[in-house]
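File shown: final_4.cif (mmCIF, C-alpha atoms and all ligand atoms).
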data_coords
#
loop_
_atom_site.label_atom_id
_atom_site.label_comp_id
_atom_site.auth_asym_id
_atom_site.auth_seq_id
_atom_site.Cartn_x
_atom_site.Cartn_y
_atom_site.Cartn_z
CA MET A 1 225.64 -3.22 48.59
CA LYS A 2 229.36 -2.56 48.27
CA ALA A 3 230.74 -0.14 45.69
CA ALA A 4 234.19 1.22 44.80
CA VAL A 5 234.04 5.01 45.14
CA TYR A 6 236.68 6.93 43.16
CA TYR A 7 238.22 10.05 44.74
CA HIS A 8 241.43 10.10 42.71
CA ASN A 9 243.66 7.54 41.03
CA LYS A 10 245.33 6.47 44.26
CA ASP A 11 242.24 6.77 46.45
CA VAL A 12 239.36 4.45 45.59
CA ARG A 13 237.39 3.33 48.64
CA LEU A 14 235.19 0.32 49.20
CA GLU A 15 232.01 1.84 50.65
CA ASP A 16 228.46 0.81 51.52
CA TYR A 17 226.04 2.18 48.98
CA PRO A 18 222.24 1.92 48.68
CA ASP A 19 221.04 -0.81 46.33
CA PRO A 20 219.68 0.73 43.12
CA ILE A 21 215.87 0.82 42.91
CA ILE A 22 214.38 0.39 39.45
CA GLY A 23 211.36 1.96 37.78
CA PRO A 24 209.21 1.07 34.74
CA GLY A 25 211.16 -0.19 31.74
CA GLU A 26 214.37 -0.55 33.74
CA LEU A 27 216.58 -3.47 34.76
CA LYS A 28 218.51 -4.32 37.89
CA ILE A 29 221.69 -6.20 37.09
CA LYS A 30 223.99 -8.13 39.37
CA VAL A 31 227.41 -7.22 38.01
CA ASP A 32 229.67 -10.18 37.26
CA SER A 33 232.58 -8.43 35.54
CA CYS A 34 233.44 -4.94 34.33
CA GLY A 35 236.47 -3.81 32.36
CA LEU A 36 238.76 -1.08 33.64
CA CYS A 37 239.09 1.42 30.81
CA GLY A 38 241.92 3.85 30.00
CA GLY A 39 239.31 6.55 30.56
CA ASP A 40 238.96 5.39 34.16
CA THR A 41 242.58 6.46 34.73
CA MET A 42 242.35 9.97 33.25
CA GLU A 43 242.52 11.96 36.47
CA TRP A 44 242.14 15.36 34.77
CA TYR A 45 238.87 14.13 33.24
CA LEU A 46 237.50 12.57 36.42
CA ALA A 47 238.62 15.25 38.91
CA ASP A 48 235.46 17.37 38.87
CA LYS A 49 233.16 14.35 38.77
CA ALA A 50 234.67 12.76 41.90
CA PRO A 51 233.57 11.20 44.17
CA ILE A 52 232.16 8.89 41.51
CA ILE A 53 231.57 5.18 40.96
CA LEU A 54 233.34 4.24 37.73
CA GLY A 55 232.87 1.17 35.57
CA HIS A 56 231.12 1.29 32.21
CA GLU A 57 231.96 -2.04 30.55
CA PRO A 58 229.74 -4.42 32.53
CA THR A 59 228.26 -7.85 32.10
CA GLY A 60 226.04 -9.59 34.61
CA VAL A 61 222.75 -11.26 35.37
CA VAL A 62 219.31 -9.65 35.30
CA VAL A 63 217.90 -9.92 38.83
CA GLU A 64 214.81 -7.71 38.47
CA VAL A 65 212.84 -6.26 35.56
CA GLY A 66 210.75 -3.09 35.67
CA GLN A 67 207.12 -2.88 34.66
CA GLY A 68 206.63 -3.33 30.91
CA VAL A 69 209.97 -4.99 30.18
CA THR A 70 209.38 -7.93 27.86
CA LYS A 71 212.78 -8.38 26.18
CA PHE A 72 214.56 -9.58 29.34
CA LYS A 73 213.78 -11.72 32.36
CA PRO A 74 215.51 -12.52 35.65
CA GLY A 75 218.40 -14.91 35.10
CA ASP A 76 219.34 -13.55 31.65
CA ARG A 77 223.07 -13.08 31.06
CA VAL A 78 223.59 -9.65 29.52
CA PHE A 79 225.99 -6.98 28.33
CA VAL A 80 224.85 -3.46 29.16
CA HIS A 81 225.97 -0.36 27.29
CA HIS A 82 226.19 2.69 29.54
CA HIS A 83 225.32 5.35 26.94
CA VAL A 84 222.56 5.51 24.33
CA ALA A 85 221.61 8.27 21.93
CA CYS A 86 218.10 9.75 21.51
CA MET A 87 217.87 8.41 17.93
CA SER A 88 215.95 11.46 16.68
CA CYS A 89 218.02 14.67 16.98
CA HIS A 90 220.03 16.32 14.19
CA TYR A 91 223.19 14.37 15.06
CA CYS A 92 221.41 11.04 15.43
CA ARG A 93 219.75 11.50 12.05
CA ARG A 94 223.23 11.99 10.55
CA GLY A 95 224.49 8.85 12.26
CA SER A 96 226.73 10.81 14.68
CA PHE A 97 225.11 9.10 17.66
CA THR A 98 227.98 9.84 20.05
CA MET A 99 227.52 13.57 19.40
CA CYS A 100 223.88 13.40 20.60
CA LYS A 101 223.22 15.59 23.64
CA GLU A 102 221.51 12.73 25.42
CA PHE A 103 224.29 10.24 24.74
CA THR A 104 226.39 11.01 27.82
CA GLN A 105 223.35 11.62 30.02
CA THR A 106 221.95 8.11 29.79
CA HIS A 107 224.30 6.20 32.03
CA ILE A 108 223.94 3.14 34.21
CA TYR A 109 223.54 3.92 37.90
CA PRO A 110 225.61 4.21 40.01
CA GLY A 111 228.47 2.79 37.85
CA ALA A 112 229.47 -0.83 37.46
CA PHE A 113 232.31 -1.00 39.98
CA ALA A 114 229.50 -2.01 42.35
CA GLU A 115 227.53 -5.15 43.13
CA TYR A 116 224.36 -3.98 41.36
CA VAL A 117 223.43 -1.41 38.72
CA ARG A 118 220.21 0.10 37.47
CA VAL A 119 219.85 0.26 33.67
CA PRO A 120 217.68 3.17 32.40
CA ALA A 121 214.75 2.36 30.11
CA GLU A 122 216.38 3.94 27.00
CA ASN A 123 219.44 1.72 27.42
CA VAL A 124 217.24 -1.34 27.95
CA GLN A 125 215.42 -0.52 24.74
CA HIS A 126 218.42 0.15 22.50
CA ASP A 127 221.66 -1.31 23.85
CA VAL A 128 221.41 -4.28 26.21
CA HIS A 129 222.38 -7.59 24.59
CA LEU A 130 221.86 -11.18 25.67
CA LEU A 131 225.25 -12.88 25.85
CA PRO A 132 225.37 -15.98 23.67
CA ASP A 133 226.51 -19.13 25.51
CA SER A 134 229.82 -18.92 23.65
CA ILE A 135 230.73 -15.61 25.37
CA SER A 136 231.65 -15.70 29.07
CA PHE A 137 230.91 -12.75 31.37
CA GLU A 138 234.59 -11.83 31.28
CA GLU A 139 234.80 -11.95 27.48
CA GLY A 140 231.58 -9.92 27.31
CA THR A 141 233.25 -7.00 29.09
CA LEU A 142 235.23 -6.51 25.87
CA ILE A 143 232.09 -5.61 23.90
CA GLU A 144 232.11 -1.90 24.83
CA PRO A 145 235.83 -1.19 24.35
CA MET A 146 235.93 -3.30 21.19
CA ALA A 147 232.89 -1.41 19.92
CA CYS A 148 235.01 1.75 20.24
CA VAL A 149 237.63 -0.03 18.10
CA VAL A 150 234.96 -1.06 15.57
CA LYS A 151 233.76 2.54 15.35
CA GLY A 152 237.36 3.70 14.88
CA ILE A 153 238.32 1.20 12.23
CA LYS A 154 235.32 2.14 10.10
CA LEU A 155 236.79 5.67 10.00
CA ALA A 156 240.38 4.61 9.29
CA ASP A 157 239.81 4.28 5.53
CA ILE A 158 241.46 0.87 5.19
CA ARG A 159 241.35 -0.41 1.61
CA PRO A 160 242.09 -3.99 0.56
CA GLY A 161 245.83 -4.64 0.68
CA ASP A 162 246.68 -1.46 2.61
CA THR A 163 249.55 -1.22 5.05
CA VAL A 164 248.02 -0.35 8.41
CA ALA A 165 250.17 1.03 11.23
CA VAL A 166 248.81 0.71 14.76
CA VAL A 167 250.60 2.98 17.23
CA GLY A 168 250.45 1.57 20.76
CA SER A 169 250.07 -2.15 21.49
CA GLY A 170 247.98 -1.97 24.63
CA PHE A 171 244.49 -3.42 24.77
CA ILE A 172 242.98 -0.99 22.26
CA GLY A 173 245.95 -1.23 19.87
CA LEU A 174 245.74 -5.03 19.94
CA GLY A 175 242.04 -4.76 19.13
CA PHE A 176 242.89 -2.64 16.08
CA VAL A 177 245.58 -5.12 15.02
CA GLN A 178 243.01 -7.93 14.94
CA LEU A 179 240.31 -5.93 13.18
CA ALA A 180 242.72 -4.44 10.62
CA ARG A 181 243.15 -7.99 9.31
CA VAL A 182 239.38 -8.43 9.18
CA TRP A 183 239.17 -5.11 7.28
CA GLY A 184 241.46 -6.43 4.56
CA ALA A 185 244.85 -4.95 5.42
CA GLY A 186 247.75 -6.37 3.43
CA LYS A 187 250.25 -5.69 6.22
CA VAL A 188 249.59 -4.81 9.84
CA VAL A 189 252.47 -3.12 11.66
CA ALA A 190 252.35 -2.75 15.45
CA PHE A 191 254.34 -0.02 17.21
CA ASP A 192 255.11 0.29 20.92
CA LEU A 193 257.93 1.16 23.30
CA ASN A 194 257.53 -2.15 25.15
CA ASP A 195 258.74 -5.49 23.75
CA TRP A 196 256.34 -7.56 25.88
CA ARG A 197 253.38 -5.77 24.32
CA LEU A 198 254.84 -6.04 20.82
CA GLU A 199 255.11 -9.80 21.25
CA ARG A 200 251.38 -9.85 22.07
CA GLY A 201 250.83 -7.85 18.87
CA LEU A 202 252.63 -10.47 16.79
CA ALA A 203 250.73 -13.27 18.52
CA LEU A 204 247.42 -11.56 17.75
CA GLY A 205 248.12 -11.09 14.07
CA ALA A 206 250.51 -8.18 13.44
CA ASP A 207 252.91 -8.97 10.58
CA PHE A 208 255.65 -6.72 11.95
CA ALA A 209 256.40 -5.21 15.35
CA ILE A 210 258.55 -2.10 15.67
CA ASN A 211 259.90 -0.80 18.97
CA SER A 212 260.16 2.93 18.32
CA ALA A 213 262.20 3.43 21.49
CA LYS A 214 264.96 1.30 19.97
CA GLU A 215 264.86 2.28 16.30
CA ASP A 216 263.59 5.06 14.06
CA GLY A 217 259.94 4.15 13.48
CA LEU A 218 259.64 5.67 10.00
CA GLU A 219 262.88 4.16 8.70
CA ALA A 220 261.96 0.73 10.06
CA LEU A 221 258.52 0.97 8.46
CA GLU A 222 259.90 2.11 5.08
CA GLU A 223 262.28 -0.80 5.10
CA ILE A 224 259.44 -3.34 5.20
CA ASN A 225 257.03 -1.31 3.09
CA GLU A 226 258.78 -0.61 -0.22
CA GLY A 227 260.02 2.75 1.00
CA ARG A 228 256.58 4.10 1.85
CA GLY A 229 254.83 5.19 5.02
CA ALA A 230 251.56 3.54 6.09
CA ASP A 231 248.28 3.93 4.16
CA SER A 232 246.29 4.06 7.36
CA VAL A 233 247.65 5.02 10.78
CA ILE A 234 245.75 4.45 14.01
CA VAL A 235 247.09 6.25 17.08
CA THR A 236 245.88 4.71 20.33
CA PRO A 237 247.94 6.33 23.17
CA ASN A 238 246.50 9.57 24.52
CA GLY A 239 249.40 11.98 24.07
CA VAL A 240 250.34 14.59 21.47
CA LYS A 241 253.72 12.88 21.01
CA ALA A 242 251.93 9.76 19.76
CA ILE A 243 249.83 11.82 17.33
CA GLU A 244 252.98 13.52 16.00
CA PHE A 245 254.57 10.12 15.57
CA GLY A 246 251.46 8.91 13.73
CA LEU A 247 251.65 11.85 11.31
CA LYS A 248 255.34 11.16 10.74
CA ILE A 249 254.85 7.54 9.70
CA ALA A 250 251.83 8.28 7.48
CA GLY A 251 252.39 7.72 3.77
CA LYS A 252 251.02 9.86 0.94
CA GLY A 253 247.22 9.82 0.81
CA ALA A 254 246.98 8.27 4.26
CA THR A 255 244.31 8.67 6.90
CA VAL A 256 245.54 9.20 10.46
CA LEU A 257 243.00 8.37 13.14
CA PHE A 258 243.54 9.41 16.71
CA PHE A 259 241.66 7.43 19.28
CA ALA A 260 242.28 8.89 22.74
CA PRO A 261 242.19 12.52 23.93
CA PRO A 262 245.43 14.14 25.10
CA HIS A 263 245.34 16.31 28.25
CA PRO A 264 243.35 19.47 27.34
CA ASP A 265 246.39 21.71 27.96
CA GLU A 266 248.43 19.94 25.29
CA THR A 267 248.74 21.55 21.85
CA LEU A 268 249.63 20.05 18.51
CA THR A 269 251.96 21.93 16.16
CA LEU A 270 251.17 21.25 12.54
CA HIS A 271 252.70 22.47 9.31
CA PRO A 272 249.52 22.31 7.23
CA THR A 273 251.37 22.49 3.93
CA ALA A 274 254.09 19.90 4.52
CA ASP A 275 252.28 17.71 7.05
CA LEU A 276 248.86 17.62 5.41
CA PHE A 277 248.38 19.34 2.06
CA PHE A 278 251.19 18.08 -0.15
CA ARG A 279 250.84 14.57 1.26
CA GLU A 280 247.03 14.59 1.14
CA ILE A 281 246.79 13.44 4.74
CA THR A 282 243.38 13.15 6.37
CA LEU A 283 243.30 13.56 10.15
CA LYS A 284 240.33 12.05 11.98
CA THR A 285 239.14 11.50 15.54
CA THR A 286 236.68 9.09 17.11
CA TYR A 287 234.86 9.39 20.42
CA SER A 288 233.25 6.46 22.23
CA CYS A 289 230.89 4.02 20.45
CA HIS A 290 227.16 3.51 19.96
CA HIS A 291 224.50 0.81 19.61
CA VAL A 292 225.48 -0.15 16.04
CA ASP A 293 229.11 -0.69 17.06
CA THR A 294 228.28 -2.76 20.16
CA ALA A 295 226.12 -5.15 18.09
CA GLN A 296 229.01 -5.56 15.63
CA ALA A 297 231.66 -5.98 18.36
CA LEU A 298 229.57 -8.73 19.94
CA GLN A 299 229.58 -10.62 16.63
CA PHE A 300 233.35 -10.22 16.19
CA ILE A 301 233.94 -11.63 19.68
CA ALA A 302 231.39 -14.44 19.26
CA GLY A 303 232.90 -15.34 15.88
CA GLY A 304 236.45 -15.44 17.23
CA ARG A 305 237.68 -12.54 15.06
CA ILE A 306 238.72 -10.94 18.33
CA ASP A 307 240.53 -13.24 20.74
CA ALA A 308 238.96 -12.04 23.96
CA LYS A 309 240.57 -14.69 26.16
CA ALA A 310 244.08 -13.76 25.12
CA MET A 311 243.52 -10.14 26.07
CA ILE A 312 242.26 -10.44 29.66
CA THR A 313 245.32 -10.56 31.91
CA HIS A 314 244.28 -9.25 35.36
CA ARG A 315 241.28 -9.45 37.70
CA PHE A 316 240.63 -7.43 40.87
CA GLY A 317 237.86 -7.16 43.46
CA LEU A 318 236.07 -3.88 44.26
CA ASP A 319 238.57 -3.32 47.08
CA ARG A 320 241.50 -3.16 44.64
CA VAL A 321 240.33 -0.78 41.92
CA ALA A 322 243.21 1.62 42.71
CA ASP A 323 245.68 -1.24 42.09
CA GLY A 324 243.95 -1.88 38.77
CA ILE A 325 244.20 1.80 37.81
CA ALA A 326 247.93 1.81 38.65
CA LEU A 327 248.44 -1.29 36.51
CA VAL A 328 246.62 0.21 33.51
CA LYS A 329 248.56 3.49 33.83
CA GLU A 330 251.89 1.68 34.04
CA ALA A 331 251.25 0.18 30.56
CA GLY A 332 253.66 -2.68 31.27
CA LYS A 333 252.94 -6.39 31.29
CA SER A 334 249.17 -6.21 31.29
CA ILE A 335 246.54 -5.95 28.58
CA LYS A 336 242.96 -5.89 29.89
CA THR A 337 242.21 -5.54 33.56
CA ILE A 338 238.73 -6.36 34.80
CA VAL A 339 236.94 -5.80 38.09
CA LYS A 340 234.82 -8.57 39.60
CA PRO A 341 232.64 -7.80 42.63
CA ALA A 342 232.70 -11.49 43.65
CA LEU A 343 236.48 -11.24 44.24
CA THR A 344 235.91 -8.60 46.94
CA PRO A 345 236.48 -9.86 50.51
CA GLY A 346 233.09 -10.01 52.23
CA VAL A 347 231.08 -9.86 49.00
CA GLY A 348 231.48 -13.44 47.80
CA GLU A 349 228.58 -15.50 46.60
CA THR A 350 225.53 -13.54 47.77
CA ALA A 351 222.47 -14.11 45.59
ZN ZN A 401 235.72 2.35 28.09
ZN ZN A 402 220.22 12.29 19.42
#
Full structure transcribed into C-alpha cells:
Amino acid sequence: MKAAVYYHNKDVRLEDYPDPIIGPGELKIKVDSCGLCGGDTMEWYLADKAPIILGHEPTGVVVEVGQGVTKFKPGDRVFVHHHVACMSCHYCRRGSFTMCKEFTQTHIYPGAFAEYVRVPAENVQHDVHLLPDSISFEEGTLIEPMACVVKGIKLADIRPGDTVAVVGSGFIGLGFVQLARVWGAGKVVAFDLNDWRLERGLALGADFAINSAKEDGLEALEEINEGRGADSVIVTPNGVKAIEFGLKIAGKGATVLFFAPPHPDETLTLHPTADLFFREITLKTTYSCHHVDTAQALQFIAGGRIDAKAMITHRFGLDRVADGIALVKEAGKSIKTIVKPALTPGVGETA
C-alpha cells in the first residue's frame, strides 16, 4: 500500500509500505478520510519519533475482521479512535483515562495517513463506532478532535448564563464556540488575530468577535460585558503568550483552561497573588480525549450541535501531507484540513 511517511514538517514522502496484517480481535480498515491535527505539525514533539506515519483521526470501511470479532463486519463504515485506556488502573478508576499508562501505547498501525490501518483488539472493544448514515466519512473525522473539545469544555466550569471567552478561532476554537452555547453560556466571545477566522466564529455562533491584534482584548471584552472579564476562558493556541492573554481577560472567580502544549522550553511567569489568589482564578489543562468523549462528540455531530460541514475547508492526497501541514501551521484562511488516500495519484479507486 501507499503511506505518507513523516520526516519533518517540510519532508513527508509517499512511500510503499507493507499492508497491515491483523490478528484475533483486530480490524483492518480501508481509510477514507483522516483529519490533520495541530499535533501533527508540532515538529519538536515529532522529531524523535520520525520517520513516522501520522494520522489519528480516521474514518473508513472495515475490510477484514479478526477471529472473534462480532461487533463489526466487512463493509461497516466506522470511526476509529487511536488510543484507549486499560480501564482498570489507578488513573482509569479515577476517570483520568488519558493519564493511563496504556493510553498512548494502544495506537492504530501504522498511522492513518495510509491506505489501510490495523486496529488493535483493545481499541476494537472500547472505541470504534459505527458511523450513522447521517455522518459522512469526512464529517466523521471530526469525532476525535471534537471529543478533545468535549473533554475540555467539561473542565471549563461553564455555568448557565456565563460569559465564555474562546481564545483562538481555528478549528478547535470554533468547536469550543459551538459547544459553549450547548453548555449554556450567556455570551460567547471569540478572539483571534485574523478577521477571516473571526467571521467564521460569528457564523458558528459567537456573539462577539474581538481581533486582539487591532484592539486591547480586555478593554473590548469589558465594554460588552458590564465591565467584567470572562467567567470561563478557553485558550486554544499552543503558546505561552496565548495563556498569558487568557489569564489577563479572566474575570474574578473564572476558570482558565489551556488546551494545547507550548514548546517545552517555554516558561510561564505568574504572580500567584495578583494573577490567581485575589481573583480566585482556577487554571486547568486538558490532554487528548477518551472513549466517553468520543461517544459524546459523535452525538453532537450527528445532532447538528457541531456544524461539521462548515468546518472542513481543505482536502489533500497522501502525496500532499506536507502542504497540509504548512496550511495548518499558517493559521490563515483554513479551518479543518483532511487527508484522503483516494485523492493520491496512483491510489484511486482500488478495492
Ligand atoms: Zn488530533
Ligand atoms: Zn488505565
Item to complete: Name the residues, by chain letter and number, that sit within 10 Å of ligand ZN 401 (chain A) using only C-alpha atoms and all ligand atoms, and give them as a list in words.
Response: Cys34, Gly35, Leu36, Cys37, Gly38, Gly39, Asp40, Gly55, His56, Glu57, His82, Thr141, Leu142, Ile143, Glu144, Pro145, Met146, Ala147, Cys148, Ile172, Ser288 and Cys289 of chain A
Residues of chain A that approach ligand ZN 402 (chain A) to 6 Å or less, counting all atoms listed in the file: could you list each one with the shortest pair of atoms and its distance in Å to one decimal, rows by chain and increasing residue number, as CSV?
residue,atom,partner,partner_atom,distance
A:Ala85,CA,A:ZN402,ZN,4.9
A:Cys86,CA,A:ZN402,ZN,3.9
A:Met87,CA,A:ZN402,ZN,4.8
A:Ser88,CA,A:ZN402,ZN,5.1
A:Cys89,CA,A:ZN402,ZN,4.1
A:Tyr91,CA,A:ZN402,ZN,5.7
A:Cys92,CA,A:ZN402,ZN,4.3
A:Cys100,CA,A:ZN402,ZN,4.0
I need the residues from that last selection saved to file as a short mmCIF file (atom, residue, chain, number, x, y, z; two decimals), keeping the file's coordinate frame (with C-alpha atoms), if you can.
data_model
loop_
_atom_site.label_atom_id
_atom_site.label_comp_id
_atom_site.auth_asym_id
_atom_site.auth_seq_id
_atom_site.Cartn_x
_atom_site.Cartn_y
_atom_site.Cartn_z
CA ALA A 85 221.61 8.27 21.93
CA CYS A 86 218.10 9.75 21.51
CA MET A 87 217.87 8.41 17.93
CA SER A 88 215.95 11.46 16.68
CA CYS A 89 218.02 14.67 16.98
CA TYR A 91 223.19 14.37 15.06
CA CYS A 92 221.41 11.04 15.43
CA CYS A 100 223.88 13.40 20.60
#
Practice prompt. Check the smallest atom-to-atom distance from each of A:Ala114, A:Ile29, A:Val328, A:Ala47 to Gly75 in chain A using all atoms listed in the file, then report the winner.
Written response: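 Once distances to Gly75 in chain A are computed over all atoms listed in the file, the minimum belongs to A:Ile29.
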Worksheet item: If we count only C-alpha atoms, what is near Ala302 in chain A at a cut-off of 12 Å, once residues fewer than 6 positions away on the same chain are taken out, given as a list of chain:residue names?
Response: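 Here the answer would be A:Leu130, A:Leu131, A:Pro132, A:Asp133, A:Ser134, A:Ile135, A:Ser136, A:Glu139, A:Gly140, A:Leu142, A:Ile143, A:Ala295, A:Gln296, A:Ala308, A:Lys309.
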Worksheet item: Can you list, as an NGL selection string, every protein, DNA or RNA residue that comes within 9 Å of His81 in chain A when you count only C-alpha atoms, leaving out same-chain residues fewer than 5 positions away?
Response: :A and (56-58 or 107-108 or 119 or 123-124 or 126-129 or 143-144 or 290-291 or 294)
Item to complete: Considering all atoms listed in the file, state which residue in the set A:Glu330, A:Asp162, A:Glu115, A:Glu199 is at the smallest distance from Gly317 in chain A.
Response: A:Glu115
Fill in: Near-Pro74 in chain A list (7 Å; all atoms listed in the file; drop same-chain fewer than 4 positions) as a list of chain:residue names
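Here the qualifying residues turn out to be A:Val62, A:Val63, A:Glu64, A:Val65.
Among the candidate residues A:Glu102, A:Gly175, A:Tyr109, A:Ala250, the one lying nearest to Ile301 in chain A is A:Gly175, with distances computed using all atoms listed in the file.
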Fill in: Exercise: Leu198 in chain A partners within 10 Å, only C-alpha atoms, chain neighbours under 2 positions left out, as a list in words
Gly168, Ser169, Gly170, Leu174, Val189, Ala190, Phe191, Asp192, Leu193, Asn194, Asp195, Trp196, Arg200, Gly201, Leu202, Ala203, Leu204, Ala206, Phe208, Ala209, Ile210 and Asn211 of chain A
Discussion item. Give me, as a VMD selection string, all polymer residues having an atom no more than 12 Å from range 180-186 of chain A, counting only C-alpha atoms and skipping those fewer than 4 positions away in the same chain.
Written reply: chain A and resid 149 to 150 152 to 166 173 to 176 190 204 to 208 225 230 to 234 300 303 to 306
